[in-house]
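**Student:** Sharing data_10.txt below, compact mmCIF, C-alpha atoms:
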# COMPACT_ATOMS: atom_id res chain seq x y z
CA MET N 226 151.67 -37.24 103.07
CA SER N 227 152.67 -37.83 99.43
CA TYR N 228 153.50 -34.84 97.28
CA GLN N 229 153.77 -36.73 94.01
CA HIS N 230 150.98 -34.50 92.68
CA VAL N 231 153.58 -31.71 92.43
CA LEU N 232 155.81 -33.82 90.20
CA ARG N 233 152.85 -35.06 88.15
CA ALA N 234 151.64 -31.52 87.52
CA ILE N 235 155.09 -30.30 86.48
CA ASN N 236 155.59 -33.30 84.22
CA MET N 237 152.47 -32.20 82.31
CA PHE N 238 154.48 -29.28 80.89
CA HIS N 239 157.92 -30.90 80.95
CA ASP N 240 158.17 -30.82 77.14
CA GLU N 241 157.61 -27.06 77.16
CA LEU N 242 160.37 -26.61 79.72
CA VAL N 243 162.75 -28.73 77.66
CA ALA N 244 162.06 -26.49 74.67
CA ILE N 245 162.85 -23.39 76.75
CA ARG N 246 166.05 -24.95 78.11
CA ARG N 247 167.29 -25.90 74.65
CA ASP N 248 166.47 -22.47 73.27
CA ILE N 249 168.56 -20.86 76.04
CA HIS N 250 171.32 -23.41 75.39
CA ALA N 251 171.40 -22.49 71.70
CA HIS N 252 171.70 -18.78 72.52
CA PRO N 253 174.26 -18.53 75.35
CA GLU N 254 175.34 -15.16 76.71
CA LEU N 255 178.31 -14.23 78.88
CA GLY N 256 178.06 -12.47 82.23
CA PHE N 257 176.33 -9.06 82.19
CA LYS N 258 175.45 -9.64 78.51
CA GLU N 259 172.37 -11.81 79.14
CA ALA N 260 170.01 -9.46 77.27
CA ARG N 261 168.16 -12.14 75.30
CA THR N 262 167.95 -14.52 78.25
CA SER N 263 166.70 -11.78 80.58
CA ALA N 264 164.06 -10.75 78.06
CA LEU N 265 162.90 -14.37 77.72
CA VAL N 266 162.65 -14.73 81.50
CA ALA N 267 160.76 -11.45 81.85
CA ARG N 268 158.25 -12.46 79.14
CA GLN N 269 157.65 -15.83 80.78
CA LEU N 270 157.09 -14.30 84.21
CA GLN N 271 154.81 -11.56 82.91
CA ALA N 272 152.68 -14.14 81.11
CA LEU N 273 152.32 -16.02 84.41
CA GLY N 274 151.13 -12.93 86.25
CA TYR N 275 154.30 -12.05 88.17
CA GLU N 276 155.31 -8.55 89.11
CA VAL N 277 158.50 -8.26 87.04
CA HIS N 278 161.53 -6.06 87.65
CA THR N 279 164.43 -5.92 85.18
CA GLY N 280 167.87 -4.34 85.11
CA ILE N 281 168.77 -5.35 88.67
CA GLY N 282 172.49 -5.99 88.77
CA ARG N 283 172.58 -4.75 85.14
CA THR N 284 170.90 -7.75 83.47
CA GLY N 285 169.21 -9.46 86.42
CA VAL N 286 165.47 -10.12 86.65
CA VAL N 287 163.25 -10.42 89.73
CA GLY N 288 159.72 -11.81 89.72
CA VAL N 289 157.34 -11.38 92.68
CA LEU N 290 154.21 -13.47 93.35
CA HIS N 291 151.81 -13.50 96.29
CA GLY N 292 150.19 -16.67 97.58
CA LYS N 293 146.53 -17.41 98.27
CA ALA N 294 147.13 -15.76 101.65
CA THR N 295 149.75 -13.24 102.72
CA ASP N 296 149.08 -12.69 106.42
CA SER N 297 152.18 -14.71 107.39
CA GLY N 298 154.25 -11.74 106.29
CA LEU N 299 156.91 -14.17 105.06
CA SER N 300 158.90 -13.93 101.85
CA ILE N 301 161.07 -16.70 100.35
CA GLY N 302 163.68 -16.11 97.64
CA LEU N 303 164.66 -18.62 94.95
CA ARG N 304 167.70 -17.93 92.81
CA ALA N 305 168.93 -19.19 89.42
CA ASP N 306 172.00 -18.08 87.46
CA MET N 307 171.74 -17.28 83.73
CA ASP N 308 175.21 -16.74 82.26
CA ALA N 309 177.30 -18.96 79.99
CA LEU N 310 181.06 -19.55 79.65
CA PRO N 311 183.69 -18.52 77.06
CA ILE N 312 184.06 -22.11 75.80
CA HIS N 313 183.55 -23.39 72.23
CA GLU N 314 180.96 -26.17 72.24
CA VAL N 315 182.03 -29.44 70.58
CA SER N 316 178.79 -31.43 70.90
CA ASP N 317 176.64 -32.11 67.85
CA VAL N 318 173.19 -31.79 69.43
CA PRO N 319 170.67 -29.94 67.24
CA TYR N 320 170.42 -27.16 69.84
CA ARG N 321 174.18 -26.63 70.16
CA SER N 322 175.43 -23.08 70.71
CA LYS N 323 174.90 -20.71 67.82
CA HIS N 324 177.62 -18.42 69.19
CA ASP N 325 181.19 -19.53 68.53
CA GLY N 326 183.31 -19.51 71.65
CA VAL N 327 180.37 -19.27 74.06
CA MET N 328 178.34 -22.13 75.55
CA HIS N 329 176.34 -23.23 78.57
CA ALA N 330 179.03 -25.53 79.92
CA CYS N 331 177.88 -25.26 83.54
CA GLY N 332 174.15 -25.86 83.18
CA HIS N 333 172.87 -22.38 83.94
CA ASP N 334 170.43 -22.85 81.05
CA GLY N 335 168.97 -25.71 83.10
CA HIS N 336 168.92 -23.71 86.33
CA THR N 337 167.03 -20.86 84.66
CA THR N 338 164.54 -23.32 83.19
CA VAL N 339 164.04 -25.09 86.51
CA LEU N 340 163.14 -21.80 88.20
CA LEU N 341 160.78 -20.91 85.34
CA GLY N 342 159.10 -24.29 85.78
CA ALA N 343 158.69 -23.67 89.50
CA ALA N 344 157.38 -20.19 88.66
CA ARG N 345 154.65 -21.70 86.48
CA TYR N 346 153.48 -24.21 89.08
CA LEU N 347 153.51 -21.61 91.87
CA ALA N 348 151.52 -19.16 89.73
CA GLU N 349 148.92 -21.79 88.83
CA THR N 350 148.44 -23.03 92.41
CA ARG N 351 149.56 -20.30 94.83
CA ASN N 352 149.46 -22.86 97.63
CA PHE N 353 151.40 -20.74 100.09
CA ASN N 354 150.88 -17.98 102.62
CA GLY N 355 153.29 -15.18 101.85
CA ARG N 356 155.35 -13.97 98.95
CA VAL N 357 157.87 -15.65 96.67
CA VAL N 358 160.74 -13.70 95.11
CA LEU N 359 162.32 -15.30 92.05
CA ILE N 360 165.87 -14.06 91.46
CA PHE N 361 167.39 -14.61 88.02
CA GLN N 362 171.01 -13.63 88.48
CA PRO N 363 173.55 -12.59 85.84
CA ALA N 364 177.30 -13.11 85.79
CA GLU N 365 177.85 -15.91 88.29
CA GLU N 366 180.95 -17.14 86.45
CA GLY N 367 183.61 -15.09 88.20
CA LEU N 368 182.12 -11.64 87.63
CA GLY N 369 180.18 -11.22 90.86
CA GLY N 370 176.65 -10.89 89.54
CA ALA N 371 175.21 -11.69 92.95
CA GLN N 372 177.05 -8.77 94.49
CA ALA N 373 175.91 -6.53 91.65
CA MET N 374 172.28 -7.39 92.44
CA LEU N 375 172.89 -6.76 96.14
CA ASP N 376 174.52 -3.42 95.31
CA ASP N 377 171.32 -2.56 93.43
CA GLY N 378 169.39 -3.09 96.66
CA LEU N 379 168.07 -6.60 95.98
CA PHE N 380 167.09 -7.43 99.56
CA ASP N 381 166.16 -3.84 100.42
CA ARG N 382 163.68 -3.77 97.55
CA PHE N 383 162.58 -7.40 97.78
CA HIS N 384 162.78 -8.61 101.35
CA CYS N 385 163.53 -12.32 101.75
CA ASP N 386 163.36 -14.19 105.05
CA ALA N 387 165.33 -17.05 103.50
CA ILE N 388 166.85 -17.88 100.12
CA TYR N 389 167.55 -21.08 98.22
CA ALA N 390 169.54 -22.02 95.12
CA LEU N 391 170.47 -25.23 93.34
CA HIS N 392 173.22 -26.37 91.00
CA ASN N 393 173.28 -29.44 88.81
CA TRP N 394 175.94 -31.97 89.80
CA PRO N 395 177.26 -34.59 87.34
CA GLY N 396 178.87 -36.46 90.23
CA LEU N 397 175.47 -37.45 91.66
CA PRO N 398 173.04 -39.85 89.93
CA PRO N 399 170.09 -38.20 88.14
CA GLY N 400 167.46 -36.94 90.56
CA VAL N 401 169.54 -37.36 93.70
CA ILE N 402 169.61 -34.30 95.96
CA GLY N 403 172.78 -33.43 97.84
CA VAL N 404 173.10 -30.91 100.66
CA ASN N 405 175.25 -30.21 103.71
CA PRO N 406 174.27 -28.32 106.91
CA GLY N 407 177.33 -26.08 106.67
CA PRO N 408 179.98 -25.52 103.98
CA MET N 409 179.00 -26.32 100.40
CA MET N 410 181.55 -24.38 98.36
CA ALA N 411 184.90 -22.83 99.21
CA ALA N 412 185.98 -19.21 99.27
CA ALA N 413 187.90 -18.35 96.10
CA ASP N 414 190.83 -15.96 96.27
CA SER N 415 193.41 -15.04 93.65
CA PHE N 416 196.98 -13.84 93.96
CA GLU N 417 199.87 -12.54 91.87
CA ILE N 418 203.50 -12.70 92.94
CA SER N 419 206.06 -10.52 91.15
CA ILE N 420 209.79 -11.28 91.54
CA GLU N 421 212.30 -8.60 90.59
CA GLY N 422 215.82 -10.00 90.23
CA ARG N 423 218.68 -9.07 87.93
CA GLY N 424 218.98 -10.51 84.46
CA GLY N 425 222.03 -11.38 82.43
CA HIS N 426 223.82 -13.99 80.31
CA GLY N 427 222.92 -17.62 80.89
CA ALA N 428 226.62 -18.54 80.78
CA HIS N 429 227.40 -16.14 83.64
CA PRO N 430 224.67 -16.69 86.26
CA TYR N 431 226.98 -15.43 89.06
CA GLN N 432 226.51 -11.94 87.58
CA THR N 433 222.74 -12.15 87.97
CA ASN N 434 220.08 -12.58 90.60
CA ASP N 435 218.08 -15.24 88.78
CA PRO N 436 214.29 -14.78 89.29
CA VAL N 437 213.64 -18.23 87.80
CA VAL N 438 215.63 -19.90 90.57
CA ILE N 439 213.93 -17.68 93.13
CA ALA N 440 210.53 -18.64 91.70
CA ALA N 441 211.39 -22.32 92.00
CA GLN N 442 212.36 -21.92 95.65
CA LEU N 443 209.27 -19.88 96.34
CA ILE N 444 206.94 -22.44 94.73
CA SER N 445 208.38 -25.20 96.89
CA ALA N 446 208.13 -23.11 100.04
CA LEU N 447 204.54 -22.01 99.36
CA GLN N 448 203.46 -25.63 98.96
CA THR N 449 204.33 -26.25 102.63
CA ILE N 450 201.82 -23.69 103.88
CA VAL N 451 198.80 -25.99 103.68
CA SER N 452 200.63 -29.26 104.38
CA ARG N 453 202.57 -27.96 107.39
CA ASN N 454 200.41 -25.17 108.82
CA ILE N 455 196.75 -26.07 108.32
CA PRO N 456 195.20 -28.93 110.35
CA ALA N 457 194.02 -31.74 108.09
CA PRO N 458 190.31 -31.38 109.02
CA ASP N 459 190.44 -27.71 107.89
CA ALA N 460 190.49 -28.25 104.13
CA ALA N 461 192.45 -25.72 102.09
CA VAL N 462 194.10 -25.50 98.67
CA LEU N 463 196.94 -23.27 97.48
CA THR N 464 197.66 -23.62 93.76
CA ILE N 465 200.29 -21.93 91.63
CA ALA N 466 198.49 -21.99 88.29
CA ALA N 467 200.95 -20.21 85.98
CA VAL N 468 204.53 -18.94 85.91
CA ASN N 469 205.90 -16.47 83.39
CA ALA N 470 209.59 -15.62 83.03
CA GLY N 471 211.88 -14.94 80.13
CA SER N 472 211.44 -16.08 76.53
CA LEU N 473 211.48 -19.57 75.02
CA ASP N 474 213.42 -18.05 72.10
CA ALA N 475 216.23 -16.85 74.38
CA MET N 476 217.73 -19.94 76.00
CA ASN N 477 220.89 -18.12 77.03
CA VAL N 478 219.22 -15.12 78.66
CA ILE N 479 218.35 -14.96 82.35
CA PRO N 480 215.36 -12.62 82.72
CA HIS N 481 215.12 -9.88 85.29
CA LYS N 482 211.54 -10.69 86.31
CA ALA N 483 209.25 -13.64 87.02
CA THR N 484 205.52 -13.58 87.73
CA MET N 485 203.30 -16.24 89.25
CA VAL N 486 199.53 -16.37 89.64
CA GLY N 487 197.32 -18.78 91.51
CA THR N 488 194.31 -19.41 93.71
CA VAL N 489 193.59 -20.15 97.37
CA ARG N 490 190.47 -22.07 98.45
CA THR N 491 189.25 -22.24 102.05
CA PHE N 492 186.06 -22.76 104.05
CA SER N 493 187.06 -20.87 107.21
CA PRO N 494 187.93 -17.15 107.42
CA VAL N 495 190.44 -18.07 110.16
CA VAL N 496 192.23 -20.48 107.83
CA GLN N 497 192.01 -17.94 105.03
CA ASP N 498 193.72 -15.29 107.17
CA GLN N 499 196.35 -17.79 108.31
CA ILE N 500 197.27 -18.67 104.73
CA ILE N 501 197.55 -15.02 103.71
CA THR N 502 199.80 -14.29 106.69
CA ARG N 503 202.02 -17.31 106.00
CA MET N 504 202.27 -16.48 102.30
CA GLN N 505 203.59 -13.02 103.12
CA GLU N 506 206.03 -14.43 105.69
CA VAL N 507 207.36 -17.01 103.23
CA ILE N 508 207.69 -14.40 100.50
CA ASP N 509 209.52 -12.01 102.82
CA GLY N 510 211.87 -14.79 103.91
CA VAL N 511 212.72 -15.88 100.36
CA ALA N 512 213.15 -12.25 99.30
CA ALA N 513 215.63 -11.70 102.14
CA ALA N 514 217.51 -14.91 101.42
CA PHE N 515 217.95 -14.10 97.72
CA ARG N 516 218.18 -10.32 98.08
CA ALA N 517 215.32 -9.82 95.66
CA ASP N 518 212.20 -7.67 95.59
CA ILE N 519 209.07 -9.83 95.76
CA GLU N 520 205.57 -8.38 95.86
CA LEU N 521 202.35 -10.21 96.74
CA LYS N 522 199.03 -8.92 95.42
CA TYR N 523 196.23 -10.89 97.08
CA GLN N 524 192.53 -10.52 96.25
CA ARG N 525 189.68 -11.97 98.29
CA MET N 526 187.13 -12.71 95.59
CA PHE N 527 184.19 -14.88 96.70
CA PRO N 528 183.45 -15.95 100.26
CA ALA N 529 182.66 -19.55 101.15
CA THR N 530 179.12 -20.77 100.50
CA ILE N 531 177.87 -21.78 103.96
CA ASN N 532 174.36 -23.17 104.49
CA THR N 533 172.47 -22.42 107.68
CA PRO N 534 171.71 -25.81 109.31
CA HIS N 535 167.97 -25.29 109.67
CA HIS N 536 167.49 -24.47 105.99
CA ALA N 537 169.78 -27.27 104.84
CA GLU N 538 167.74 -29.69 106.94
CA LEU N 539 164.56 -28.39 105.31
CA VAL N 540 166.08 -29.07 101.88
CA ALA N 541 166.85 -32.64 102.94
CA ASP N 542 163.35 -33.13 104.39
CA VAL N 543 161.67 -31.82 101.24
CA ALA N 544 163.84 -34.07 99.06
CA LYS N 545 162.96 -37.10 101.19
CA GLU N 546 159.23 -36.41 101.00
CA LEU N 547 159.44 -36.01 97.22
CA PHE N 548 161.88 -38.74 96.25
CA GLY N 549 162.51 -40.97 99.25
CA GLU N 550 165.52 -41.26 101.55
CA ASP N 551 167.54 -43.30 99.04
CA ARG N 552 167.73 -40.28 96.74
CA VAL N 553 169.01 -37.83 99.34
CA VAL N 554 172.58 -37.21 100.51
CA ASP N 555 172.28 -34.93 103.55
CA ASN N 556 176.00 -34.84 104.41
CA LEU N 557 177.42 -34.05 100.99
CA VAL N 558 181.18 -33.47 100.92
CA PRO N 559 181.82 -29.76 100.21
CA SER N 560 183.43 -28.75 96.93
CA MET N 561 186.57 -26.64 96.59
CA GLY N 562 184.87 -24.80 93.75
CA SER N 563 183.27 -21.43 94.46
CA GLU N 564 179.85 -19.86 94.00
CA ASP N 565 178.85 -16.22 94.33
CA PHE N 566 175.49 -17.17 95.84
CA SER N 567 177.70 -16.97 98.94
CA PHE N 568 177.25 -13.18 98.92
CA MET N 569 173.49 -13.64 99.27
CA LEU N 570 173.92 -16.22 102.04
CA GLN N 571 176.02 -13.69 103.95
CA GLN N 572 173.00 -11.39 104.08
CA ARG N 573 170.16 -13.90 104.43
CA PRO N 574 169.84 -17.41 105.88
CA GLY N 575 169.23 -20.19 103.42
CA ALA N 576 170.70 -23.16 101.60
CA TYR N 577 172.44 -24.13 98.38
CA PHE N 578 171.95 -27.70 97.20
CA ARG N 579 172.92 -30.10 94.43
CA LEU N 580 170.61 -31.59 91.83
CA GLY N 581 172.18 -34.80 90.58
CA GLN N 582 172.22 -35.14 86.81
CA GLY N 583 174.80 -37.88 86.21
CA GLY N 584 177.33 -37.86 83.39
CA ALA N 585 180.59 -37.55 85.30
CA GLU N 586 181.44 -41.19 84.67
CA SER N 587 181.42 -40.53 80.90
CA GLY N 588 183.35 -37.26 81.12
CA CYS N 589 180.33 -34.93 80.94
CA VAL N 590 181.54 -32.65 83.73
CA LEU N 591 181.06 -28.98 84.47
CA HIS N 592 183.01 -26.52 82.27
CA ASN N 593 183.64 -29.25 79.68
CA ALA N 594 183.20 -28.36 76.00
CA ALA N 595 180.83 -31.32 75.55
CA PHE N 596 178.70 -30.65 78.64
CA ASP N 597 174.91 -30.67 78.38
CA PHE N 598 172.26 -30.30 81.06
CA ASN N 599 170.18 -33.44 81.67
CA ASP N 600 166.62 -32.44 80.77
CA ALA N 601 165.21 -35.45 82.62
CA VAL N 602 165.89 -33.82 86.02
CA ILE N 603 164.13 -30.52 85.28
CA PRO N 604 160.89 -31.57 87.05
CA ASP N 605 162.87 -32.73 90.10
CA GLY N 606 164.50 -29.32 90.48
CA CYS N 607 161.18 -27.54 89.94
CA ALA N 608 159.47 -29.68 92.59
CA MET N 609 162.24 -28.96 95.10
CA PHE N 610 161.78 -25.21 94.71
CA VAL N 611 157.99 -25.49 94.87
CA ARG N 612 157.94 -27.56 98.04
CA LEU N 613 160.53 -25.35 99.73
CA VAL N 614 158.12 -22.45 99.23
CA GLU N 615 155.07 -24.42 100.34
CA ARG N 616 156.82 -25.87 103.40
CA SER N 617 158.26 -22.49 104.41
CA MET N 618 154.96 -20.63 104.05
CA PRO N 619 152.13 -23.14 104.57
CA LEU N 620 148.49 -22.22 104.19
CA ALA N 621 146.15 -22.50 107.18
CA GLY N 622 146.30 -25.97 108.67
CA GLY N 623 150.01 -26.36 107.96
CA GLN N 624 149.59 -28.15 104.64
CA SER N 625 149.46 -26.86 101.10
CA GLN N 626 146.22 -27.50 99.23
CA GLU N 627 146.24 -30.02 96.39
Represent the structure contained in this file as structure tokens.

**Tutor:**
Amino acid sequence: MSYQHVLRAINMFHDELVAIRRDIHAHPELGFKEARTSALVARQLQALGYEVHTGIGRTGVVGVLHGKATDSGLSIGLRADMDALPIHEVSDVPYRSKHDGVMHACGHDGHTTVLLGAARYLAETRNFNGRVVLIFQPAEEGLGGAQAMLDDGLFDRFHCDAIYALHNWPGLPPGVIGVNPGPMMAAADSFEISIEGRGGHGAHPYQTNDPVVIAAQLISALQTIVSRNIPAPDAAVLTIAAVNAGSLDAMNVIPHKATMVGTVRTFSPVVQDQIITRMQEVIDGVAAAFRADIELKYQRMFPATINTPHHAELVADVAKELFGEDRVVDNLVPSMGSEDFSFMLQQRPGAYFRLGQGGAESGCVLHNAAFDFNDAVIPDGCAMFVRLVERSMPLAGGQSQE
């Protein structure tokens, strides 16, 4: 059965959605500061007849809508993130950011708009048996907005049998859907390593215990953890991102301390634990060899984003029925980036998928100062959310009504 009527109906108000997206883009807000965006979302949902709840996870919004029937007892959650990034926009589009140093460089303006578009279609048709819960999440960019909503009782107050989220992906052609029945995004951890040596004169290094030399040895040793301890099929990354020691104005002074920070990315908790253990063993060994005090502070930040196979397969099936098999990648290679939707997937089954928007070939990539969401794919994202609801909670007869 063709479901092109869903796309046709959404395309009827595509221009209105583009206007909303560009308004959000022009007024970006950082995590937990999305007051204007939250108010816009709440107004839109209220006008559509949703039961609206605000202030969940500080600036999060939840909209609840019942279908034509509700005897299935099912409830499906759809999530979009709302926050921007602390990046100064360099594009010259007429709707460029009005706030210096803040912009929607990751497309969350598009994600919010896509969910609002789906909200409109679902409210106008209600072709489902159950309840839909629309989750507009704050602070995805490293601040743990998903966890904040969960801490506010998100799933206790708004039960969801399954949840879905999407993210635009410049590396896929416009309108192509990408999903994987397992890992989609890596766990993201951070660490800080402090080296206490003994400083002194650069001309007399034998009188010191040089933390710069120790740092160099430690960096080399840490780089062997993944390459020599983790099996190749178990992808992992350990990156030393910054090193601080001494002063560039004091070329003849050996400092007493060096500090390094970095990130670890993994898909498996077993691999994650193995890396942490090996890091501590390497650090203890280097500390003993150089008779220095070295401290590791390790923080597990965001877990891996792991789809449940059944729900990932449903995403692929819905995409194929809407767009055809040639616009679906159902074994998408996981990304080493992270996503705090993972916290929600730890509590409920569901799937996270990619909405291709193109642009990577010309340098329009995520977190780039010239990034802009591709408005042409808004209806595609809306239709995906709509059909996931209708397929998950069909009306009598197993098909949604046109």

**Student:** Determine, using only C-alpha atoms, which residues of region 511-593 of chain N have any atom at most 12 Å from an atom of region 601-605 of chain N, and tabulate each with its shortest atom pair and distance in Å to one decimal place, rows ordered by chain and then rising number, as JSON lines.

**Tutor:**
{"residue": "N:Val543", "atom": "CA", "partner": "N:Asp605", "partner_atom": "CA", "distance": 11.2}
{"residue": "N:Ala544", "atom": "CA", "partner": "N:Asp605", "partner_atom": "CA", "distance": 9.1}
{"residue": "N:Lys545", "atom": "CA", "partner": "N:Asp605", "partner_atom": "CA", "distance": 11.9}
{"residue": "N:Leu547", "atom": "CA", "partner": "N:Asp605", "partner_atom": "CA", "distance": 8.6}
{"residue": "N:Phe548", "atom": "CA", "partner": "N:Asp605", "partner_atom": "CA", "distance": 8.7}
{"residue": "N:Arg552", "atom": "CA", "partner": "N:Asp605", "partner_atom": "CA", "distance": 11.2}
{"residue": "N:Arg579", "atom": "CA", "partner": "N:Asp605", "partner_atom": "CA", "distance": 11.3}
{"residue": "N:Leu580", "atom": "CA", "partner": "N:Val602", "partner_atom": "CA", "distance": 7.8}
{"residue": "N:Gly581", "atom": "CA", "partner": "N:Val602", "partner_atom": "CA", "distance": 7.8}
{"residue": "N:Gln582", "atom": "CA", "partner": "N:Val602", "partner_atom": "CA", "distance": 6.5}
{"residue": "N:Gly583", "atom": "CA", "partner": "N:Val602", "partner_atom": "CA", "distance": 9.8}

**Student:** Find, counting only C-alpha atoms, the residue in N:Ala470, N:Ala621, N:Met307, N:Val611 that gets nearest to Ala441 (chain N).

**Tutor:**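 Among the listed residues, the smallest separation from Ala441 (chain N) belongs to N:Ala470.
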
**Student:** Choose the residue, out of N:Leu299, N:Val511, N:Val289, N:Leu347, that has the smallest atom-to-atom separation from Val231 (chain N); count all atoms listed in the file.

**Tutor:**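 Smallest distance to Val231 (chain N) is found for N:Leu347.
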
**Student:** Would you work out the distance separating CA of Ser322 (chain N) from CA of Gln269 (chain N), expressed in Å to one decimal?

**Tutor:**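 Result for CA of Ser322 (chain N) versus CA of Gln269 (chain N): 21.7 Å, one decimal.
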
**Student:** Skipping near chain neighbours, those fewer than 3 positions away, what residues fall within 9 Å of region 431-440 of chain N using only C-alpha atoms, listed as a list in words?

**Tutor:**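 The neighbour list is Ile420, Glu421, Gly422, Arg423, Gly424, Gly425, His426, Gly427, Ala428, Leu443, Ile444, Ser445, Val468, Ala470, Gly471, Ile479, Pro480, His481, Lys482, Ala483, Thr484, Met485, Val511, Ala512, Phe515, Arg516 and Ala517 of chain N.
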
**Student:** Here is a test: counting all atoms listed in the file, which residue of N:Ala585, N:Ala460, N:Leu557, N:Leu613 is nearest to Val540 (chain N)?

**Tutor:** N:Leu613

**Student:** Nearest to Arg616 (chain N) among N:Ile450, N:Ile301, N:Val315, N:Ile500, with distances taken over all atoms listed in the file: which residue is it?

**Tutor:**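 Checking each candidate against Arg616 (chain N), we get N:Ile301 as the closest.
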
**Student:** Write out as an NGL selection string each polymer residue whose atoms come within 12 Å of Asp498 (chain N), counting all atoms listed in the file; drop sequence neighbours fewer than 2 positions from it.

**Tutor:** :N and (412 or 414 or 455 or 461 or 489-496 or 500-505 or 523-525)

**Student:** Let me make sure I understand: among N:Glu586, N:Glu520, N:Asp600, N:Asp565, which one has the smallest atom-to-atom distance to Ala373 (chain N) if we use only C-alpha atoms?

**Tutor:**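 Answer, going by the shortest atom-to-atom distance: N:Asp565.
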
**Student:** Using Å and a single decimal, report how far CA of Leu265 (chain N) sits from CA of Leu359 (chain N).

**Tutor:**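 That distance, rounded to one decimal, is 14.4 Å.
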
**Student:** Which of these residues is nearest to Ile245 (chain N), using all atoms listed in the file: N:His336, N:Lys258, N:His429, N:Arg612?

**Tutor:**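 Among the listed residues, N:His336 lies closest to Ile245 (chain N).
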
**Student:** Distance CA of His333 (chain N)-CA of Ala411 (chain N), one decimal place?

**Tutor:**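 Computed distance, CA of His333 (chain N) to CA of Ala411 (chain N), equals 19.4 Å.
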
**Student:** Place a sphere of radius 9 Å on (162.2, -28.2, 82.2) in the file coordinates and name every protein, DNA or RNA residue with an atom inside or on its surface, counting all atoms listed in the file; give the answer as number ranges by chain.

**Tutor:** N: 235-236, 238-246, 335, 338-342, 600-604, 606-607

**Student:** Centre and edge lengths of an axis-aligned box around all listed atoms of region 550-553 of chain N, with 8 Å added on each side, are to be given in Å to one decimal, as AutoDock Vina command-line options.

**Tutor:**
--center_x 167.3 --center_y -40.6 --center_z 99.1 --size_x 19.5 --size_y 21.5 --size_z 20.8

**Student:** I want to know what sits within 12 Å of Asp386 (chain N), based on only C-alpha atoms, with residues of the same chain fewer than 3 positions away left out; could you give that as a list in words?

**Tutor:** Ser297, Gly298, Leu299, Ser300, Ile301, Gly302, Leu303, Gly355, Arg356, Val357, Val358, Phe380, Asp381, Phe383, Tyr389, His536, Met569, Leu570, Gln572, Arg573, Pro574, Gly575, Val614, Ser617 and Met618 of chain N

**Student:** Residues at most 8 Å from His250 (chain N), counting only C-alpha atoms, excluding those fewer than 4 positions away in the same chain, as a list of chain:residue names?

**Tutor:**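 Near neighbours after the sequence-gap exclusion: N:Arg246, N:Tyr320, N:Arg321, N:Ser322, N:Met328, N:His329, N:Asp334.
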
**Student:** Taking (169.2, -36.7, 94.2) in the file's own coordinates, collect the residues within 7 Å, counting only C-alpha atoms, and hand them back as a list in words.

**Tutor:**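 Output of the proximity query reads Leu397, Pro398, Pro399, Gly400, Val401, Ile402, Gly403, Arg552, Val553, Leu580 and Gly581 of chain N.
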